Structure formats: structure tokens, C-alpha cells
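With compact mmCIF, C-alpha atoms inside, this is query21.txt:
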```
# COMPACT_ATOMS: atom_id res chain seq x y z
CA MET A 1 -20.82 21.94 -14.10
CA ASN A 2 -18.32 24.06 -12.12
CA ARG A 3 -15.65 22.79 -9.76
CA SER A 4 -17.80 23.20 -6.67
CA ALA A 5 -20.65 21.27 -8.26
CA VAL A 6 -18.28 18.50 -9.30
CA ALA A 7 -16.98 18.25 -5.73
CA GLN A 8 -20.48 18.18 -4.26
CA ASN A 9 -21.58 15.60 -6.80
CA ALA A 10 -18.61 13.32 -6.06
CA ALA A 11 -19.21 13.57 -2.32
CA ALA A 12 -22.91 12.82 -2.75
CA GLN A 13 -22.26 9.73 -4.85
CA SER A 14 -19.80 8.15 -2.43
CA SER A 15 -19.65 8.01 1.36
CA PRO A 16 -16.20 6.48 1.88
CA PRO A 17 -15.58 4.32 4.92
CA LEU A 18 -12.99 4.99 7.56
CA GLN A 19 -9.77 3.94 5.90
CA CYS A 20 -6.10 4.82 5.68
CA ASP A 21 -5.51 2.79 2.55
CA SER A 22 -6.15 4.25 -0.89
CA GLY A 23 -9.55 2.59 -1.09
CA MET A 24 -11.22 5.54 -2.75
CA SER A 25 -10.83 5.57 -6.51
CA ARG A 26 -9.90 8.48 -8.73
CA HIS A 27 -13.61 8.88 -9.41
CA SER A 28 -14.19 9.99 -5.81
CA LEU A 29 -10.84 11.68 -5.22
CA HIS A 30 -9.66 13.59 -8.28
CA ALA A 31 -12.67 15.78 -8.95
CA ALA A 32 -13.53 16.41 -5.30
CA ALA A 33 -10.01 17.40 -4.39
CA LEU A 34 -9.91 20.06 -7.12
CA GLU A 35 -11.84 22.24 -4.76
CA SER A 36 -10.26 22.53 -2.14
CA ALA A 37 18.53 4.33 7.94
CA ALA A 38 18.81 3.68 11.58
CA HIS A 39 19.38 -0.12 11.43
CA PRO A 40 21.88 -2.12 9.32
CA LEU A 41 20.43 -4.64 6.90
CA ALA A 42 19.90 -8.00 8.56
CA PRO A 43 21.42 -11.06 6.87
CA ALA A 44 19.12 -13.02 4.61
CA LYS A 45 17.92 -16.30 6.09
CA SER A 46 17.87 -18.70 3.19
CA GLY A 47 16.44 -22.18 3.11
CA SER A 48 17.73 -22.62 -0.44
CA SER A 49 21.13 -23.58 -1.75
CA GLN A 50 20.85 -21.05 -4.56
CA ASP A 51 22.77 -17.81 -4.49
CA ALA A 52 20.38 -15.11 -3.29
CA PRO A 53 19.29 -12.67 -6.01
CA ALA A 54 20.52 -9.17 -5.22
CA GLY A 55 18.39 -7.47 -2.60
CA MET A 56 16.12 -10.47 -2.05
CA VAL A 57 15.45 -12.80 0.88
CA TRP A 58 14.44 -16.45 0.72
CA ILE A 59 10.99 -17.10 2.21
CA PRO A 60 10.83 -20.82 2.97
CA GLY A 61 7.09 -21.29 2.57
CA GLY A 62 4.82 -23.24 4.87
CA ARG A 63 1.40 -23.30 6.48
CA PHE A 64 -0.08 -20.46 8.54
CA TRP A 65 -3.29 -18.88 9.74
CA MET A 66 -4.22 -16.03 7.39
CA GLY A 67 -6.34 -13.01 8.33
CA THR A 68 -7.23 -11.30 11.60
CA ASP A 69 -10.24 -11.09 13.88
CA HIS A 70 -9.67 -7.33 14.14
CA MET A 71 -11.01 -6.56 10.63
CA GLU A 72 -14.34 -7.69 9.21
CA ASP A 73 -13.05 -8.15 5.65
CA ALA A 74 -10.07 -10.22 6.92
CA GLN A 75 -12.31 -12.92 8.41
CA PRO A 76 -12.64 -15.77 8.88
CA VAL A 77 -9.07 -16.55 9.84
CA HIS A 78 -8.21 -19.60 7.77
CA GLN A 79 -5.32 -21.95 7.05
CA VAL A 80 -3.17 -21.35 3.99
CA GLU A 81 -0.07 -23.03 2.64
CA VAL A 82 2.40 -21.35 0.27
CA ASN A 83 5.48 -22.57 -1.54
CA GLY A 84 8.86 -20.96 -0.96
CA PHE A 85 9.88 -17.87 -2.93
CA TRP A 86 12.34 -14.97 -3.02
CA MET A 87 11.10 -11.56 -1.88
CA ASP A 88 12.59 -8.07 -2.09
CA ARG A 89 14.14 -7.23 1.24
CA THR A 90 12.69 -3.71 1.08
CA ASP A 91 10.07 -1.84 -0.88
CA VAL A 92 11.25 -0.80 -4.33
CA THR A 93 13.13 2.47 -3.87
CA ASN A 94 13.24 5.66 -5.88
CA GLU A 95 16.70 4.85 -7.20
CA GLU A 96 15.63 1.36 -8.27
CA PHE A 97 12.54 2.67 -10.01
CA ALA A 98 14.63 5.38 -11.68
CA ARG A 99 16.86 2.69 -13.22
CA PHE A 100 13.76 1.01 -14.64
CA VAL A 101 12.49 4.27 -16.12
CA LYS A 102 15.89 5.10 -17.60
CA ALA A 103 16.15 1.67 -19.21
CA THR A 104 12.62 1.55 -20.61
CA GLY A 105 11.32 5.11 -20.93
CA TYR A 106 8.27 4.05 -18.91
CA ILE A 107 5.77 6.77 -17.97
CA THR A 108 3.63 6.14 -14.90
CA ILE A 109 -0.11 6.62 -14.82
CA ALA A 110 0.24 9.70 -12.60
CA GLU A 111 2.33 11.33 -15.35
CA HIS A 112 -0.43 10.92 -17.94
CA PRO A 113 -3.33 13.39 -18.24
CA LEU A 114 -6.68 12.29 -16.88
CA ASP A 115 -8.91 10.59 -19.43
CA ARG A 116 -11.65 12.86 -20.77
CA LYS A 117 -13.94 9.81 -21.03
CA GLU A 118 -13.63 9.19 -17.28
CA PHE A 119 -14.07 12.84 -16.31
CA PRO A 120 -16.31 14.37 -19.02
CA ASN A 121 -17.36 17.36 -16.91
CA LEU A 122 -13.92 18.61 -15.90
CA PRO A 123 -12.44 21.64 -17.65
CA SER A 124 -9.46 20.82 -19.86
CA GLU A 125 -7.00 22.44 -17.46
CA ASP A 126 -8.17 20.10 -14.71
CA LEU A 127 -7.25 17.02 -16.75
CA ALA A 128 -3.57 17.76 -16.14
CA PRO A 129 -1.43 14.89 -14.85
CA GLY A 130 -1.27 14.47 -11.09
CA SER A 131 -1.84 12.17 -8.17
CA VAL A 132 -3.36 11.97 -4.70
CA VAL A 133 -1.46 13.56 -1.80
CA PHE A 134 -2.14 13.47 1.94
CA THR A 135 -2.53 17.04 3.19
CA PRO A 136 -3.18 17.35 6.93
CA PRO A 137 -5.92 19.84 7.79
CA ALA A 138 -5.14 22.80 10.02
CA ALA A 139 -7.55 21.64 12.72
CA PRO A 140 -9.39 18.47 13.78
CA VAL A 141 -11.99 17.20 11.31
CA PRO A 142 -14.61 14.43 11.44
CA LEU A 143 -13.02 11.10 10.58
CA ASP A 144 -15.84 10.13 8.23
CA HIS A 145 -14.76 12.80 5.70
CA PRO A 146 -11.43 11.62 4.25
CA LEU A 147 -11.61 14.19 1.45
CA ALA A 148 -10.69 16.69 4.17
CA TRP A 149 -7.13 15.36 4.11
CA TRP A 150 -6.73 14.02 0.58
CA ARG A 151 -6.24 16.27 -2.44
CA PHE A 152 -5.56 15.68 -6.09
CA ALA A 153 -2.29 17.54 -6.71
CA LYS A 154 -1.43 18.47 -10.28
CA GLY A 155 2.16 17.55 -11.01
CA ALA A 156 2.43 15.02 -8.18
CA ASN A 157 4.05 11.75 -9.24
CA TRP A 158 6.91 9.47 -8.25
CA ARG A 159 9.46 12.17 -9.17
CA HIS A 160 7.52 14.84 -7.22
CA PRO A 161 5.97 12.95 -4.30
CA GLU A 162 4.48 15.93 -2.45
CA GLY A 163 3.56 17.93 -5.55
CA PRO A 164 5.30 19.84 -8.37
CA ASN A 165 7.58 21.79 -6.02
CA SER A 166 9.01 18.64 -4.42
CA ASP A 167 11.73 16.35 -5.77
CA LEU A 168 13.81 13.28 -4.93
CA ARG A 169 17.01 14.96 -3.79
CA GLY A 170 18.36 12.89 -0.90
CA LYS A 171 15.52 10.37 -1.27
CA GLY A 172 17.09 7.65 -3.37
CA LYS A 173 16.62 5.14 -0.54
CA TYR A 174 12.99 6.11 0.11
CA PRO A 175 10.24 3.82 -1.23
CA VAL A 176 8.91 4.94 -4.58
CA VAL A 177 5.32 6.18 -4.24
CA HIS A 178 2.48 7.35 -6.49
CA ILE A 179 2.68 3.94 -8.10
CA ALA A 180 -0.51 2.56 -9.65
CA TRP A 181 -0.94 -1.19 -9.95
CA PRO A 182 -0.02 -1.36 -13.66
CA ASP A 183 3.15 0.64 -12.89
CA ALA A 184 4.16 -1.94 -10.29
CA GLU A 185 3.38 -4.77 -12.72
CA ALA A 186 5.51 -3.15 -15.43
CA TYR A 187 8.49 -2.78 -13.10
CA ALA A 188 8.18 -6.36 -11.86
CA LYS A 189 8.11 -7.74 -15.40
CA TRP A 190 11.18 -5.69 -16.36
CA ALA A 191 13.03 -6.95 -13.27
CA GLY A 192 12.18 -10.59 -14.02
CA LYS A 193 9.91 -10.75 -10.99
CA ARG A 194 6.21 -10.45 -10.17
CA LEU A 195 3.96 -9.01 -7.50
CA PRO A 196 3.33 -11.31 -4.53
CA THR A 197 -0.03 -12.88 -3.93
CA GLU A 198 -1.84 -11.67 -0.83
CA ALA A 199 -1.12 -15.02 0.84
CA GLU A 200 2.58 -14.89 0.01
CA TRP A 201 2.84 -11.34 1.27
CA GLU A 202 1.14 -12.10 4.58
CA PHE A 203 3.15 -15.27 5.20
CA ALA A 204 6.37 -13.33 4.57
CA ALA A 205 5.27 -10.38 6.73
CA ARG A 206 4.60 -12.61 9.72
CA GLY A 207 8.15 -13.92 9.62
CA GLY A 208 7.10 -17.19 11.18
CA ARG A 209 5.19 -15.54 14.05
CA ASP A 210 1.85 -17.15 13.34
CA ARG A 211 -1.33 -15.50 14.66
CA LYS A 212 0.55 -12.52 16.13
CA ASN A 213 -0.79 -8.99 15.71
CA TYR A 214 2.43 -7.57 14.26
CA PRO A 215 5.56 -8.90 12.55
CA TRP A 216 7.41 -8.60 15.88
CA GLY A 217 4.72 -9.86 18.29
CA ASN A 218 1.51 -8.66 19.93
CA ASN A 219 2.55 -5.25 21.30
CA LEU A 220 2.60 -2.27 18.93
CA ASN A 221 5.58 -0.61 20.64
CA PRO A 222 7.22 -3.13 22.99
CA ASN A 223 9.04 -1.48 25.91
CA GLY A 224 8.13 1.89 24.43
CA LYS A 225 10.06 1.23 21.20
CA TRP A 226 8.39 2.06 17.91
CA MET A 227 8.90 -0.83 15.47
CA ALA A 228 7.32 0.74 12.40
CA ASN A 229 6.51 4.08 10.80
CA THR A 230 2.90 4.82 11.76
CA PHE A 231 0.89 7.86 12.87
CA GLN A 232 1.09 9.18 16.44
CA GLY A 233 -0.64 12.25 17.81
CA HIS A 234 -4.12 13.29 16.68
CA PHE A 235 -5.22 12.04 13.27
CA PRO A 236 -5.25 13.60 10.73
CA ASP A 237 -4.22 17.10 11.78
CA LYS A 238 -1.24 16.55 14.08
CA ASN A 239 1.41 13.85 13.79
CA SER A 240 3.64 14.00 16.87
CA SER A 241 6.25 11.87 15.06
CA GLU A 242 7.16 9.84 18.15
CA ASP A 243 8.58 7.17 15.82
CA GLY A 244 10.90 9.74 14.25
CA TYR A 245 9.00 10.37 11.02
CA ALA A 246 6.07 12.60 10.09
CA GLY A 247 5.82 11.13 6.58
CA VAL A 248 7.56 8.48 4.53
CA ALA A 249 10.78 7.09 6.00
CA PRO A 250 13.78 5.66 4.15
CA VAL A 251 13.51 1.91 3.68
CA ALA A 252 14.97 -0.21 6.49
CA SER A 253 14.66 2.57 9.07
CA PHE A 254 13.10 0.09 11.51
CA PRO A 255 14.11 -3.46 12.49
CA ALA A 256 13.58 -6.33 10.05
CA ASN A 257 11.24 -9.21 10.82
CA ASP A 258 12.50 -12.73 11.46
CA PHE A 259 12.79 -13.44 7.72
CA GLY A 260 14.99 -10.36 7.23
CA LEU A 261 12.28 -8.26 5.56
CA TYR A 262 11.90 -4.56 6.28
CA ASP A 263 8.81 -2.35 6.48
CA MET A 264 6.19 -5.09 6.38
CA SER A 265 4.19 -2.87 8.72
CA GLY A 266 3.67 0.85 8.17
CA ASN A 267 5.62 3.34 6.04
CA VAL A 268 3.87 2.76 2.69
CA TRP A 269 1.15 0.42 1.50
CA GLN A 270 2.22 -2.35 -0.87
CA TRP A 271 0.34 -3.63 -3.89
CA VAL A 272 -0.20 -7.38 -4.25
CA SER A 273 -1.57 -9.30 -7.22
CA ASP A 274 -5.02 -10.26 -5.87
CA TRP A 275 -8.33 -8.70 -6.72
CA TYR A 276 -10.21 -7.49 -3.63
CA ARG A 277 -13.44 -9.00 -2.38
CA PRO A 278 -14.52 -8.81 1.29
CA ASP A 279 -16.08 -12.29 1.03
CA TYR A 280 -13.04 -14.07 -0.42
CA TYR A 281 -11.78 -15.50 2.87
CA ALA A 282 -15.19 -16.97 3.61
CA GLN A 283 -15.19 -18.55 0.15
CA LEU A 284 -11.79 -20.16 0.77
CA ARG A 285 -12.92 -21.44 4.16
CA ARG A 286 -15.98 -23.09 2.59
CA GLU A 287 -14.08 -24.70 -0.28
CA GLU A 288 -10.89 -25.99 1.31
CA LEU A 289 -9.65 -27.09 4.72
CA VAL A 290 -6.25 -25.65 3.77
CA ALA A 291 -5.94 -23.28 0.80
CA ILE A 292 -2.82 -24.12 -1.22
CA ASN A 293 -1.13 -21.13 -2.90
CA PRO A 294 -4.38 -19.12 -3.30
CA GLN A 295 -4.28 -16.64 -6.16
CA GLY A 296 -7.19 -14.42 -5.14
CA PRO A 297 -10.73 -14.17 -6.52
CA ARG A 298 -11.49 -14.02 -10.23
CA ASP A 299 -13.01 -10.57 -9.99
CA SER A 300 -13.44 -7.67 -7.59
CA LEU A 301 -16.29 -6.38 -5.49
CA ASP A 302 -16.15 -3.44 -3.11
CA PRO A 303 -19.62 -2.85 -1.61
CA GLN A 304 -18.48 0.60 -0.50
CA GLU A 305 -17.79 1.71 -4.08
CA LEU A 306 -19.75 -0.49 -6.45
CA GLY A 307 -18.58 -0.61 -10.02
CA VAL A 308 -14.94 0.24 -9.27
CA PRO A 309 -12.68 -2.86 -9.27
CA LYS A 310 -10.06 -2.89 -6.51
CA ARG A 311 -6.75 -4.67 -5.91
CA VAL A 312 -5.55 -5.67 -2.46
CA GLN A 313 -2.94 -3.60 -0.63
CA LYS A 314 -1.08 -4.82 2.42
CA GLY A 315 1.01 -3.48 5.28
CA GLY A 316 -0.48 -0.11 6.15
CA SER A 317 1.39 3.17 6.00
CA PHE A 318 2.66 6.16 7.95
CA LEU A 319 -1.00 7.24 8.20
CA CYS A 320 -2.21 4.18 10.11
CA THR A 321 -3.26 4.75 13.71
CA ASP A 322 -5.56 3.11 16.24
CA GLN A 323 -7.69 6.28 16.05
CA TYR A 324 -8.58 5.64 12.43
CA CYS A 325 -7.38 2.28 11.18
CA GLU A 326 -5.00 -0.40 12.40
CA ARG A 327 -4.18 -1.95 9.05
CA TYR A 328 -0.48 -2.12 9.83
CA MET A 329 -1.28 -5.65 11.05
CA PRO A 330 -0.07 -8.39 8.66
CA GLY A 331 -3.50 -10.01 8.70
CA ALA A 332 -5.33 -6.81 7.78
CA ARG A 333 -6.22 -5.82 4.23
CA GLY A 334 -6.35 -2.60 2.27
CA LYS A 335 -7.82 -2.00 -1.18
CA GLY A 336 -7.36 0.47 -3.98
CA ASP A 337 -8.37 1.41 -7.50
CA PRO A 338 -5.55 -0.08 -9.62
CA GLU A 339 -5.32 3.14 -11.62
CA THR A 340 -4.79 5.37 -8.59
CA GLY A 341 -1.50 6.02 -6.81
CA THR A 342 -0.92 8.06 -3.66
CA ASN A 343 2.04 9.38 -1.66
CA HIS A 344 1.70 6.49 0.81
CA LEU A 345 1.55 3.62 -1.70
CA GLY A 346 4.42 1.56 -3.13
CA PHE A 347 5.27 -2.11 -3.71
CA ARG A 348 7.84 -4.89 -3.57
CA CYS A 349 8.35 -7.94 -5.76
CA VAL A 350 8.88 -11.68 -5.48
CA ARG A 351 10.52 -14.35 -7.63
CA ALA A 352 9.92 -18.09 -7.73
CA GLN A 353 12.72 -20.45 -6.76
```

Here is the file; what I need is its structure written in the form of C-alpha cells.
Amino acid sequence: MNRSAVAQNAAAQSSPPLQCDSGMSRHSLHAAALESAAHPLAPAKSGSSQDAPAGMVWIPGGRFWMGTDHMEDAQPVHQVEVNGFWMDRTDVTNEEFARFVKATGYITIAEHPLDRKEFPNLPSEDLAPGSVVFTPPAAPVPLDHPLAWWRFAKGANWRHPEGPNSDLRGKGKYPVVHIAWPDAEAYAKWAGKRLPTEAEWEFAARGGRDRKNYPWGNNLNPNGKWMANTFQGHFPDKNSSEDGYAGVAPVASFPANDFGLYDMSGNVWQWVSDWYRPDYYAQLRREELVAINPQGPRDSLDPQELGVPKRVQKGGSFLCTDQYCERYMPGARGKGDPETGTNHLGFRCVRAQ
């Protein structure tokens, strides 16, 4: 089977939904794509007498309404209670991830060749390491064809976020990207931390503003001020960069929320620990009046790509827009194949008290 046939076969097997997360797996992305610091850090608000771990903020815990009526898979909105925890003030940065790699010799999934067992019909040269990169088309395209703006780029990884000819010079304070879920887990373990649960992440992102659309309130850009790195202009071909950024921004480029956390909306998606199921919230609502420290479902189901387990992603990215998706809302949910990273996907960690 030649490259064109592989691309046509992948497209025929999967009709991806409108999404700006990394919901498509490598099975539908890799083969098809072969064809074709403005604000100072806010002080941590700690409810604990402990000394704050470096770069972390105390999240006091409490009860809140989780989910949003704006997204079908984030319903029903339901009550959740979480214990207090420490959370990274920003996404893990390139310089932080580099320290981990230097100390451990860790090699990310994007730096490994594709597995011949997963892609038996690809020529050997097309099994080269790489990752998924957003590439805006030259002209408007139908929004039900996301492969028009995603490509599998050989040589793309956390060191080369836009492809083999890119690097990290001057980007130490940018969020690390092209991170698959096991990569994030490995870093968290090394750092003596863990990934947050979906409930912990959403509680922290809201910053105490329960049932609001965004971490700062109900208006996306209050008084004309952009509060997060999202997509303006015409998606996906023209980003007018009204917020100051056409792609990833350095961490803490926008105001922190009321807990002192940065970039809980937009910039890059963030992995959490939960498996993804669109019916999980309904299950919680049936079983408990208030869900206490929910850990997510036992397994994954994505009706839009059966047979491919997904983990939850939160926060949206620089590609989120009301034209295509509005998943920069704390109550919204993304999903992704744990083995697939992209150039709009990172993570942050938490630590118990």
C-alpha cells in the first residue's frame, strides 16, 4: 500500500469530530499526515503552614460544581469535593524538562521510531521518530477535516517543537510540548509529584470562581483585554494574534487566576490522570450526591474512535476558538491517545500536602 492509499484508508476509517484537543490518535494522524512574560508572578496563596515547594501553589480544596452545560461530554454538571494539594504554578517548562532528561537520560515517545506492529503497511523510512504539528493551511478549509491542518512531522519532539529545523533557543520559559502521557508520568515521578486528577485540575483552574465560564469570570476578554492565549482571526488558516501570540506563549504571559496559577485556560493542553469516558459525569451523578476526590473511570471509551483508549486533557490551547471549539473553559474536557504528543500539549504536576 502506497502513501496515498494509507492516507485514504486512514481517513475512511475515522471521521474525527470538531476538536482542538489532540483527540485523534496516532492511528488516524501519523499515516494520513505523511501525504501531505508580560506579568510578574503572583504570590502564592497558601492555606497551609508548610513552606511552599519551589514553584508550587497551595490549593486549599473544597466543594464545587464540576463540568459545563456548553459541552455534551462535560454534563451533567455535578458536585465534587477535593482535598487540598500543591500544584505547579505554571506548566512544566522546557528548562525544567531538560533538567529531568539530563538527570535521567529519559527519551520521550516522540523520539522513538514508530512501532512496526502498529503501522505494518508503512515503509521503513516512514517509521522515523516524529510527532504531530499544527500547520495552518494556505486558505480556508472545511472544519470537519482536521487532517488539513495537522501533519506528522519527522524529527518533531520536545527539543524541536515545530519540526527538525526548529530548536529551543530563547524558549526555556515556554511550556514543554510534544509530551505523551507516559512522558508526563515519568517526569512527575522523578520530581516527587504526580499528575492531577481531572477534578483537582478543574477545581484549581476555577480559582474559587464556581460555575463561571473562565478562570477570571464569564467574559472571554473583559473590557477588550485578552486573558489567555487562544486563536483569533479565521480558524485554521489565519490567526490575527490579537492576544499577542500566534502560537505557544511563554508561561505566565497572562494574568494568574485567584489561586495564583497561570495558563489554566489556553496556551497548551494539559494532561491529567483520568481515563476519558463521555458518560463518566452521568455515572458520578447517579452514584453520589457529592463525589469525593473522584479518580476517573476504570477504563476508557471514545465513541468517536472505538478501540483507542484516551486520557483526559484540560485547559484548551492556542488553537481554541469559538469558531471551532471553546474548550478553554475550565469545565470543558479534551481527550487524547496517551501515546501521542502534539505541539499544543503539555502538563503540570501536583503534590499532596

Counting all atoms listed in the file, what is within 7 Å of Arg277 (chain A), bar same-chain residues fewer than 4 positions away, as an mmCIF file with C-alpha atoms, keeping the file's coordinate frame?
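part-v1.cif was written with the following content:
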```cif
data_model
loop_
_atom_site.group_PDB
_atom_site.id
_atom_site.type_symbol
_atom_site.label_atom_id
_atom_site.label_comp_id
_atom_site.auth_asym_id
_atom_site.auth_seq_id
_atom_site.Cartn_x
_atom_site.Cartn_y
_atom_site.Cartn_z
ATOM 1 C CA SER A 300 -13.440 -7.670 -7.590
ATOM 2 C CA LEU A 301 -16.290 -6.380 -5.490
ATOM 3 C CA ASP A 302 -16.150 -3.440 -3.110
#
```

Query - Residue among A:Phe318, A:Trp86, A:Tyr281, A:Tyr276 lying closest to Arg298 (chain A), counting only C-alpha atoms - result: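 Between A:Phe318, A:Trp86, A:Tyr281, A:Tyr276, the residue approaching Arg298 (chain A) most closely is A:Tyr276.
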
Report task. Grab the CA of Pro182 (chain A) to CA of Pro338 (chain A) distance for me, in Å with one decimal place. Result ->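 If I compute the distance from CA of Pro182 (chain A) to CA of Pro338 (chain A), I get 7.0 Å.
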
**Report entry** Gap from CA of Thr230 (chain A) to CA of Ser166 (chain A) - Å, one decimal
**Finding:**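 Distance reported for this atom pair: 22.1 Å.
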
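Considering only C-alpha atoms, the residue among A:Asp274, A:Pro76, A:Asp88, A:Thr68 positioned nearest to Ala199 (chain A) is A:Asp274.
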
Query - Closest of A:Val177, A:Leu195, A:Val308, A:Ala256 to Pro215 (chain A) - atom-to-atom distances counting only C-alpha atoms - result: A:Ala256

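Among the candidates A:Asp322, A:Glu95, A:Glu162, A:Asp299, the residue lying nearest to Gln232 (chain A) is A:Asp322 (atoms considered: all atoms listed in the file).
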
Requested in this report: Skip region 140-142 of chain A itself and residues of its chain fewer than 6 positions away, then list as an NGL selection string all residues within 8 Å of it, counting all atoms listed in the file.
Outcome: :A and (148 or 234-237)

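Comparing A:Gly61, A:Ala180, A:Gly192, A:Lys238 by their smallest distance to Pro137 (chain A), the closest is A:Lys238 (using all atoms listed in the file).
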
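Proximity to Trp190 (chain A) was assessed for A:Thr90, A:Gln79, A:Thr104, A:Asn165 counting only C-alpha atoms; the smallest distance is recorded for A:Thr104.
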
Query - Length of the CA of Pro303 (chain A) to CA of Ala156 (chain A) vector [Å] - result: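 Separating CA of Pro303 (chain A) from CA of Ala156 (chain A) is a distance of 29.1 Å.
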
Query raised in the report: Which residues, written as a list in words, have at least one atom at most 12 Å from Gly170 (chain A), with all atoms listed in the file counted and residues fewer than 2 positions away on the same chain left out?
Result: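 The residues satisfying every condition are Asn94, Glu95, Ser166, Asp167, Leu168, Gly172, Lys173, Tyr174, Ala249 and Pro250 of chain A.
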
Query raised in the report: Residues at most 6 Å from region 107-118 of chain A, counting only C-alpha atoms, excluding those fewer than 3 positions away in the same chain, as a ChimeraX atom specification?
Result: /A:127-131,157,183

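Residues with any atom within 9 Å of Arg333 (chain A), counting all atoms listed in the file and excluding same-chain neighbours fewer than 4 positions away, are A:Asp21, A:Gly67, A:Met71, A:Asp73, A:Ala74, A:Glu198, A:Tyr276, A:Val312, A:Gln313, A:Lys314, A:Gly315, A:Gly316, A:Arg327, A:Tyr328, A:Met329.
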